[in-house]
file coords34.txt (compact mmCIF, C-alpha atoms)
# COMPACT_ATOMS: atom_id res chain seq x y z
CA MET X 604 31.67 0.94 43.13
CA GLY X 605 28.09 2.17 42.88
CA THR X 606 25.44 1.24 40.38
CA LEU X 607 25.69 3.12 37.09
CA ASP X 608 22.20 4.44 36.52
CA ILE X 609 20.62 5.38 33.19
CA SER X 610 19.10 8.83 33.04
CA TYR X 611 15.64 9.31 31.56
CA LEU X 612 17.20 11.26 28.72
CA GLY X 613 19.63 8.42 28.10
CA LEU X 614 16.72 5.97 28.13
CA VAL X 615 14.86 8.00 25.50
CA LEU X 616 17.97 8.24 23.35
CA GLY X 617 18.51 4.50 23.68
CA LEU X 618 14.95 3.78 22.59
CA LEU X 619 15.64 5.70 19.39
CA LEU X 620 17.67 2.66 18.29
CA MET X 621 14.33 0.96 17.62
CA GLY X 622 14.24 3.15 14.54
CA ILE X 623 16.79 0.85 12.89
CA PRO X 624 14.58 -2.27 12.69
CA LEU X 625 11.52 -0.11 12.03
CA TYR X 626 13.25 1.47 9.03
CA PHE X 627 14.02 -1.88 7.43
CA PHE X 628 10.60 -3.28 8.31
CA TRP X 629 9.01 -0.27 6.58
CA HIS X 630 10.86 -1.07 3.36
CA PHE X 631 10.87 -4.90 3.40
CA ALA X 632 8.22 -6.16 5.84
CA ARG X 633 5.79 -3.33 6.43
CA HIS X 634 3.30 -5.53 8.24
CA LEU X 635 5.78 -5.86 11.12
CA VAL X 636 5.93 -2.12 11.80
CA ARG X 637 2.65 -1.97 13.68
CA SER X 638 3.31 -5.11 15.73
CA THR X 639 6.82 -3.85 16.62
CA LEU X 640 5.49 -0.50 17.77
CA ILE X 641 2.78 -2.18 19.85
CA ALA X 642 5.27 -4.64 21.35
CA THR X 643 7.67 -1.82 22.23
CA ALA X 644 4.91 0.25 23.84
CA ARG X 645 3.69 -2.76 25.82
CA MET X 646 7.23 -3.53 26.97
CA ILE X 647 7.73 0.05 28.23
CA ILE X 648 4.37 0.18 30.03
CA GLN X 649 4.66 -3.31 31.53
CA LEU X 650 8.24 -2.84 32.74
CA ALA X 651 7.41 0.57 34.20
CA PHE X 652 4.47 -0.98 36.07
CA ILE X 653 6.57 -3.92 37.27
CA GLY X 654 9.33 -1.57 38.40
CA LEU X 655 6.85 0.41 40.46
CA TYR X 656 5.23 -2.72 41.84
CA LEU X 657 8.55 -4.40 42.70
CA ARG X 658 9.58 -1.33 44.67
CA TYR X 659 6.70 -1.93 47.08
CA LEU X 660 7.12 -5.70 46.89
CA PHE X 661 10.69 -5.36 48.14
CA GLU X 662 9.58 -2.99 50.90
CA TRP X 663 6.84 -5.33 52.12
CA ASN X 664 9.07 -8.40 51.75
CA SER X 665 6.24 -10.74 52.76
CA PRO X 666 6.67 -14.47 51.92
CA TRP X 667 2.93 -14.81 51.29
CA ILE X 668 2.83 -11.86 48.91
CA ASN X 669 5.91 -13.21 47.11
CA ILE X 670 4.29 -16.63 46.72
CA LEU X 671 1.10 -14.95 45.47
CA TRP X 672 3.23 -13.11 42.89
CA LEU X 673 4.67 -16.47 41.77
CA VAL X 674 1.12 -17.81 41.39
CA VAL X 675 0.22 -14.81 39.22
CA MET X 676 3.33 -15.34 37.08
CA THR X 677 2.41 -19.01 36.70
CA MET X 678 -1.13 -18.19 35.58
CA VAL X 679 0.04 -15.66 33.01
CA ALA X 680 2.74 -18.02 31.71
CA THR X 681 0.26 -20.91 31.48
CA VAL X 682 -2.32 -18.95 29.50
CA THR X 683 0.40 -17.56 27.22
CA ALA X 684 1.90 -21.01 26.58
CA ALA X 685 -1.51 -22.59 25.88
CA ARG X 686 -2.29 -19.91 23.30
CA ARG X 687 1.09 -20.04 21.59
CA ALA X 688 1.14 -23.83 21.45
CA GLN X 689 -2.50 -23.75 20.21
CA LEU X 690 -3.67 -26.31 22.75
CA LYS X 691 -7.12 -26.53 24.32
CA TRP X 692 -7.24 -25.15 27.82
CA ARG X 693 -9.05 -28.14 29.29
CA VAL X 694 -6.16 -30.32 28.17
CA ILE X 695 -3.13 -28.24 29.09
CA LEU X 696 -4.14 -25.59 31.66
CA LEU X 697 -3.82 -27.67 34.83
CA PRO X 698 -0.83 -29.82 33.72
CA LEU X 699 1.14 -26.81 32.55
CA SER X 700 0.41 -24.69 35.61
CA VAL X 701 1.41 -27.54 37.92
CA GLY X 702 4.54 -28.22 35.87
CA LEU X 703 5.63 -24.57 35.89
CA PHE X 704 4.79 -23.80 39.50
CA SER X 705 6.18 -26.98 41.07
CA THR X 706 9.39 -26.78 39.06
CA ALA X 707 9.93 -23.11 39.88
CA VAL X 708 9.48 -23.84 43.59
CA LEU X 709 11.72 -26.93 43.60
CA ILE X 710 14.58 -25.53 41.52
CA GLY X 711 14.26 -21.97 42.80
CA LEU X 712 14.28 -22.88 46.48
CA PHE X 713 17.15 -25.32 45.95
CA PHE X 714 19.21 -22.51 44.45
CA LEU X 715 18.24 -19.89 47.03
CA TRP X 716 18.38 -22.12 50.10
CA ILE X 717 21.06 -24.71 49.28
CA VAL X 718 23.35 -23.01 46.75
CA LEU X 719 23.20 -19.42 48.04
CA GLY X 720 22.67 -20.52 51.63
CA LEU X 721 20.01 -17.88 52.37
CA SER X 722 18.38 -18.17 55.77
CA ASN X 723 15.20 -16.75 54.22
CA PRO X 724 14.82 -18.03 50.63
CA PHE X 725 11.57 -16.05 50.32
CA ASP X 726 13.39 -12.73 50.60
CA ALA X 727 11.84 -10.64 47.81
CA ARG X 728 15.21 -9.31 46.67
CA TYR X 729 16.26 -12.82 45.63
CA PHE X 730 13.00 -14.78 45.37
CA ILE X 731 11.22 -12.59 42.81
CA PRO X 732 14.11 -12.21 40.29
CA ILE X 733 15.04 -15.92 40.39
CA MET X 734 11.44 -17.05 39.95
CA GLY X 735 11.03 -14.59 37.10
CA VAL X 736 14.12 -15.90 35.32
CA LEU X 737 12.99 -19.51 35.76
CA MET X 738 9.43 -18.81 34.62
CA GLY X 739 10.54 -16.89 31.53
CA ASN X 740 12.89 -19.64 30.36
CA MET X 741 10.43 -22.44 31.12
CA LEU X 742 7.70 -20.64 29.18
CA GLY X 743 9.69 -20.48 25.95
CA VAL X 744 10.95 -24.05 26.11
CA ASN X 745 7.55 -25.49 27.04
CA VAL X 746 5.78 -23.70 24.19
CA PHE X 747 8.32 -25.08 21.73
CA ALA X 748 8.35 -28.61 23.18
CA LEU X 749 4.57 -28.97 23.53
CA GLY X 750 3.99 -27.73 19.98
CA ILE X 751 6.48 -30.24 18.56
CA TYR X 752 5.17 -33.08 20.73
CA TYR X 753 1.51 -32.72 19.75
CA ASP X 754 2.29 -31.87 16.13
CA GLY X 755 4.27 -35.09 15.91
CA LEU X 756 1.50 -37.17 17.44
CA GLN X 757 -1.04 -35.75 15.00
CA ARG X 758 1.09 -35.97 11.86
CA GLU X 759 2.59 -39.37 12.63
CA HIS X 760 -0.28 -40.97 14.50
CA GLN X 761 0.14 -44.10 12.40
CA LEU X 762 3.55 -44.68 14.01
CA TYR X 763 1.99 -44.28 17.45
CA TYR X 764 -0.76 -46.82 16.69
CA TYR X 765 1.76 -49.14 15.00
CA LEU X 766 3.85 -49.24 18.16
CA LEU X 767 0.77 -49.87 20.28
CA GLY X 768 -0.35 -52.63 17.94
CA ASN X 769 3.00 -54.36 18.25
CA GLY X 770 2.86 -54.65 22.00
CA ALA X 771 4.37 -51.34 23.11
CA SER X 772 3.01 -49.71 26.22
CA HIS X 773 1.52 -46.23 26.01
CA PHE X 774 4.73 -44.72 27.36
CA GLU X 775 6.88 -46.65 24.90
CA ALA X 776 4.66 -45.51 22.03
CA ILE X 777 4.99 -41.81 22.89
CA VAL X 778 8.76 -41.95 23.51
CA PRO X 779 9.71 -41.14 19.86
CA PHE X 780 7.54 -38.01 19.94
CA LEU X 781 8.72 -36.99 23.40
CA ARG X 782 12.33 -37.51 22.36
CA LYS X 783 11.91 -35.33 19.27
CA ALA X 784 10.25 -32.56 21.28
CA MET X 785 12.93 -32.73 23.94
CA VAL X 786 15.81 -32.64 21.47
CA GLN X 787 14.49 -29.77 19.36
CA ALA X 788 13.44 -27.69 22.37
CA CYS X 789 16.73 -28.10 24.23
CA GLN X 790 19.23 -27.92 21.38
CA PRO X 791 19.22 -24.09 21.29
CA CYS X 792 19.89 -24.02 25.04
CA ILE X 793 22.78 -26.45 24.67
CA ALA X 794 24.22 -24.48 21.74
CA ASN X 795 24.07 -21.21 23.69
CA MET X 796 25.64 -22.86 26.70
CA ALA X 797 28.54 -24.20 24.61
CA VAL X 798 29.60 -20.76 23.33
CA MET X 799 28.76 -18.70 26.41
CA GLY X 800 31.67 -16.47 27.37
CA LEU X 801 33.46 -16.91 24.04
CA VAL X 802 30.92 -15.83 21.44
CA SER X 803 28.41 -14.10 23.72
CA LEU X 804 28.41 -12.40 27.12
CA PRO X 805 25.13 -13.22 28.86
CA GLY X 806 22.84 -10.53 30.14
CA THR X 807 22.86 -11.57 33.78
CA MET X 808 26.65 -11.32 33.99
CA ILE X 809 26.76 -8.00 32.15
CA GLY X 810 24.00 -6.60 34.36
CA GLN X 811 25.81 -7.57 37.54
CA ILE X 812 29.13 -6.16 36.35
CA LEU X 813 27.45 -2.88 35.35
CA GLY X 814 25.75 -2.93 38.73
CA GLY X 815 29.10 -3.00 40.51
CA SER X 816 29.69 -6.72 41.17
CA ALA X 817 33.15 -8.19 40.76
CA PRO X 818 33.59 -10.20 37.52
CA GLY X 819 34.26 -13.40 39.46
CA VAL X 820 31.01 -13.07 41.39
CA ALA X 821 29.07 -12.25 38.22
CA ILE X 822 30.50 -15.31 36.45
CA LYS X 823 29.51 -17.66 39.27
CA TYR X 824 25.98 -16.30 39.28
CA GLN X 825 25.76 -16.65 35.49
CA MET X 826 26.90 -20.27 35.65
CA MET X 827 24.20 -21.10 38.15
CA ILE X 828 21.51 -19.16 36.27
CA VAL X 829 22.27 -21.21 33.14
CA VAL X 830 22.20 -24.47 35.10
CA ILE X 831 18.97 -23.81 37.00
CA THR X 832 17.10 -22.51 33.95
CA PHE X 833 18.18 -25.51 31.87
CA ALA X 834 17.28 -27.99 34.61
CA ALA X 835 13.95 -26.26 35.28
CA SER X 836 13.02 -26.23 31.59
CA MET X 837 13.64 -29.97 31.28
CA LEU X 838 11.84 -30.89 34.50
CA SER X 839 8.82 -28.71 33.68
CA ILE X 840 8.49 -30.32 30.25
CA MET X 841 8.46 -33.83 31.72
CA ILE X 842 5.96 -32.96 34.45
CA THR X 843 3.67 -31.14 32.03
CA VAL X 844 3.70 -33.92 29.41
CA TRP X 845 3.16 -36.61 32.05
CA LEU X 846 0.12 -34.81 33.44
CA ALA X 847 -1.19 -33.68 30.03
CA ASN X 848 -1.14 -37.24 28.68
CA ARG X 849 -3.93 -38.13 31.08
CA ARG X 850 -6.13 -35.59 29.28
CA SER X 851 -4.81 -36.18 25.76
CA PHE X 852 -5.80 -39.84 25.26
CA ASP X 853 -9.00 -41.78 25.90
CA ALA X 854 -9.28 -45.01 27.88
CA TYR X 855 -8.22 -46.99 24.78
CA GLY X 856 -5.10 -44.94 24.16
CA ARG X 857 -6.53 -42.99 21.22
CA LEU X 858 -5.33 -39.41 20.79
CA LEU X 859 -8.06 -36.87 21.46
CA ASP X 860 -8.55 -33.56 19.67
CA VAL X 861 -6.24 -31.35 21.71
CA ARG X 862 -5.47 -28.50 19.29
CA THR X 863 -7.44 -25.30 18.95
CA LYS X 864 -6.92 -25.30 15.17

call {"tool": "encode", "arguments": {"input": "coords34.txt", "output": "structure tokens"}}
result
Amino acid sequence: MGTLDISYLGLVLGLLLMGIPLYFFWHFARHLVRSTLIATARMIIQLAFIGLYLRYLFEWNSPWINILWLVVMTMVATVTAARRAQLKWRVILLPLSVGLFSTAVLIGLFFLWIVLGLSNPFDARYFIPIMGVLMGNMLGVNVFALGIYYDGLQREHQLYYYLLGNGASHFEAIVPFLRKAMVQACQPCIANMAVMGLVSLPGTMIGQILGGSAPGVAIKYQMMIVVITFAASMLSIMITVWLANRRSFDAYGRLLDVRTK
């Protein structure tokens, strides 16, 4: 069974569905109309560019070019996360980039090399999509977790200093804030995982089935995508927080000014 393609006419007709949210935004939240139109235009332009670029990336199939592409993805994700979490770059830029890149390499290569058994885990056909999926999921979870973690430290700094004053180590004093960030950032992932297949059919599985894969194969891939994205999100959070703490506190354990606002 071949891949069912979407014609350009079908693509244009499908994009007309954006008129539904735009209609309601116009009547109830007019300020969202402009941002929605801009976001839609950016999505179309960016995906068209990526599609063109990936075509040549797959043809070249060079491990060094693929790794360079992962570095570029990491840089973009790091800058985006720092802005969304409203954290100063000097505090979070290096920790977050190391956390995202190292986790993507560890989890991604484990999946490609050990789970799939590829002789060449840097094959662009597999390496680029898997790294993109991992990076996208880690970005969202890290933004959420880092925002909650530093918000908690700033709002409840008295609890942090109370724990320190009563003999707790620095790590023990930040555990309540780290736990809260971890729980709130991961709960949506756990909730989605619990109802997957019953309430919702995930995009990866649907895409593979539409692309001609057997349902059994698509399901196995979807299971592993959920597992590796969840594991990568958690590992990247821990690495990022561990490294960022070195830049977030002074020699006496006092919280520095880490927020941009």

call {"tool": "residues_around", "arguments": {"input": "coords34.txt", "residues": "Asp608 (chain X)", "least_positions_apart": "4", "cutoff": "12 Å", "atoms": "all atoms listed in the file", "output": "PyMOL selection string"}}
result
chain X and resi 612-614+810+813-815

call {"tool": "axis_aligned_box", "arguments": {"input": "coords34.txt", "around": "region 609-618 of chain X", "padding_each_side": "3 Å", "output": "JSON"}}
result
{"center_x": 17.7, "center_y": 7.5, "center_z": 27.9, "size_x": 11.8, "size_y": 13.5, "size_z": 16.6}

call {"tool": "atom_distance", "arguments": {"input": "coords34.txt", "atom1": "CA of Met621 (chain X)", "atom2": "CA of Gly743 (chain X)"}}
result
23.5 Å

call {"tool": "closest_residue", "arguments": {"input": "coords34.txt", "among": "X:Gln761, X:Met796, X:Leu635, X:Val694", "to": "Val844 (chain X)", "atoms": "all atoms listed in the file"}}
result
X:Val694

call {"tool": "closest_residue", "arguments": {"input": "coords34.txt", "among": "X:Thr643, X:Gln787, X:Gln689, X:Thr706", "to": "Leu673 (chain X)", "atoms": "all atoms listed in the file"}}
result
X:Thr706

call {"tool": "closest_residue", "arguments": {"input": "coords34.txt", "among": "X:Ala834, X:Ala685, X:Ile653, X:Ile777", "to": "Phe713 (chain X)", "atoms": "all atoms listed in the file"}}
result
X:Ala834

call {"tool": "residues_around", "arguments": {"input": "coords34.txt", "residues": "region 751-756 of chain X", "least_positions_apart": "3", "cutoff": "12 Å", "atoms": "only C-alpha atoms", "output": "MDAnalysis selection string"}}
result
chainID X and resid 687:691 694:695 744:748 759:764 776:789 840:841 843:844 847:848 851:852 857:864

call {"tool": "closest_residue", "arguments": {"input": "coords34.txt", "among": "X:Arg850, X:Ile793, X:Gly735, X:Ala835", "to": "Trp692 (chain X)", "atoms": "only C-alpha atoms"}}
result
X:Arg850

call {"tool": "atom_distance", "arguments": {"input": "coords34.txt", "atom1": "CA of Ile842 (chain X)", "atom2": "CA of Pro698 (chain X)"}}
result
7.5 Å

call {"tool": "residues_near_point", "arguments": {"input": "coords34.txt", "point": "(10.0, -17.8, 39.8)", "cutoff": "8 Å", "atoms": "only C-alpha atoms", "output": "PDB file with C-alpha atoms, in the frame of the given file"}}
result
ATOM      1  CA  LEU X 673       4.670 -16.470  41.770  1.00  0.00           C
ATOM      2  CA  MET X 676       3.330 -15.340  37.080  1.00  0.00           C
ATOM      3  CA  PHE X 704       4.790 -23.800  39.500  1.00  0.00           C
ATOM      4  CA  ALA X 707       9.930 -23.110  39.880  1.00  0.00           C
ATOM      5  CA  VAL X 708       9.480 -23.840  43.590  1.00  0.00           C
ATOM      6  CA  GLY X 711      14.260 -21.970  42.800  1.00  0.00           C
ATOM      7  CA  PHE X 730      13.000 -14.780  45.370  1.00  0.00           C
ATOM      8  CA  ILE X 731      11.220 -12.590  42.810  1.00  0.00           C
ATOM      9  CA  PRO X 732      14.110 -12.210  40.290  1.00  0.00           C
ATOM     10  CA  ILE X 733      15.040 -15.920  40.390  1.00  0.00           C
ATOM     11  CA  MET X 734      11.440 -17.050  39.950  1.00  0.00           C
ATOM     12  CA  GLY X 735      11.030 -14.590  37.100  1.00  0.00           C
ATOM     13  CA  VAL X 736      14.120 -15.900  35.320  1.00  0.00           C
ATOM     14  CA  LEU X 737      12.990 -19.510  35.760  1.00  0.00           C
ATOM     15  CA  MET X 738       9.430 -18.810  34.620  1.00  0.00           C
TER      16      MET X 738
END

call {"tool": "atom_distance", "arguments": {"input": "coords34.txt", "atom1": "CA of Leu838 (chain X)", "atom2": "CA of Met678 (chain X)"}}
result
18.2 Å
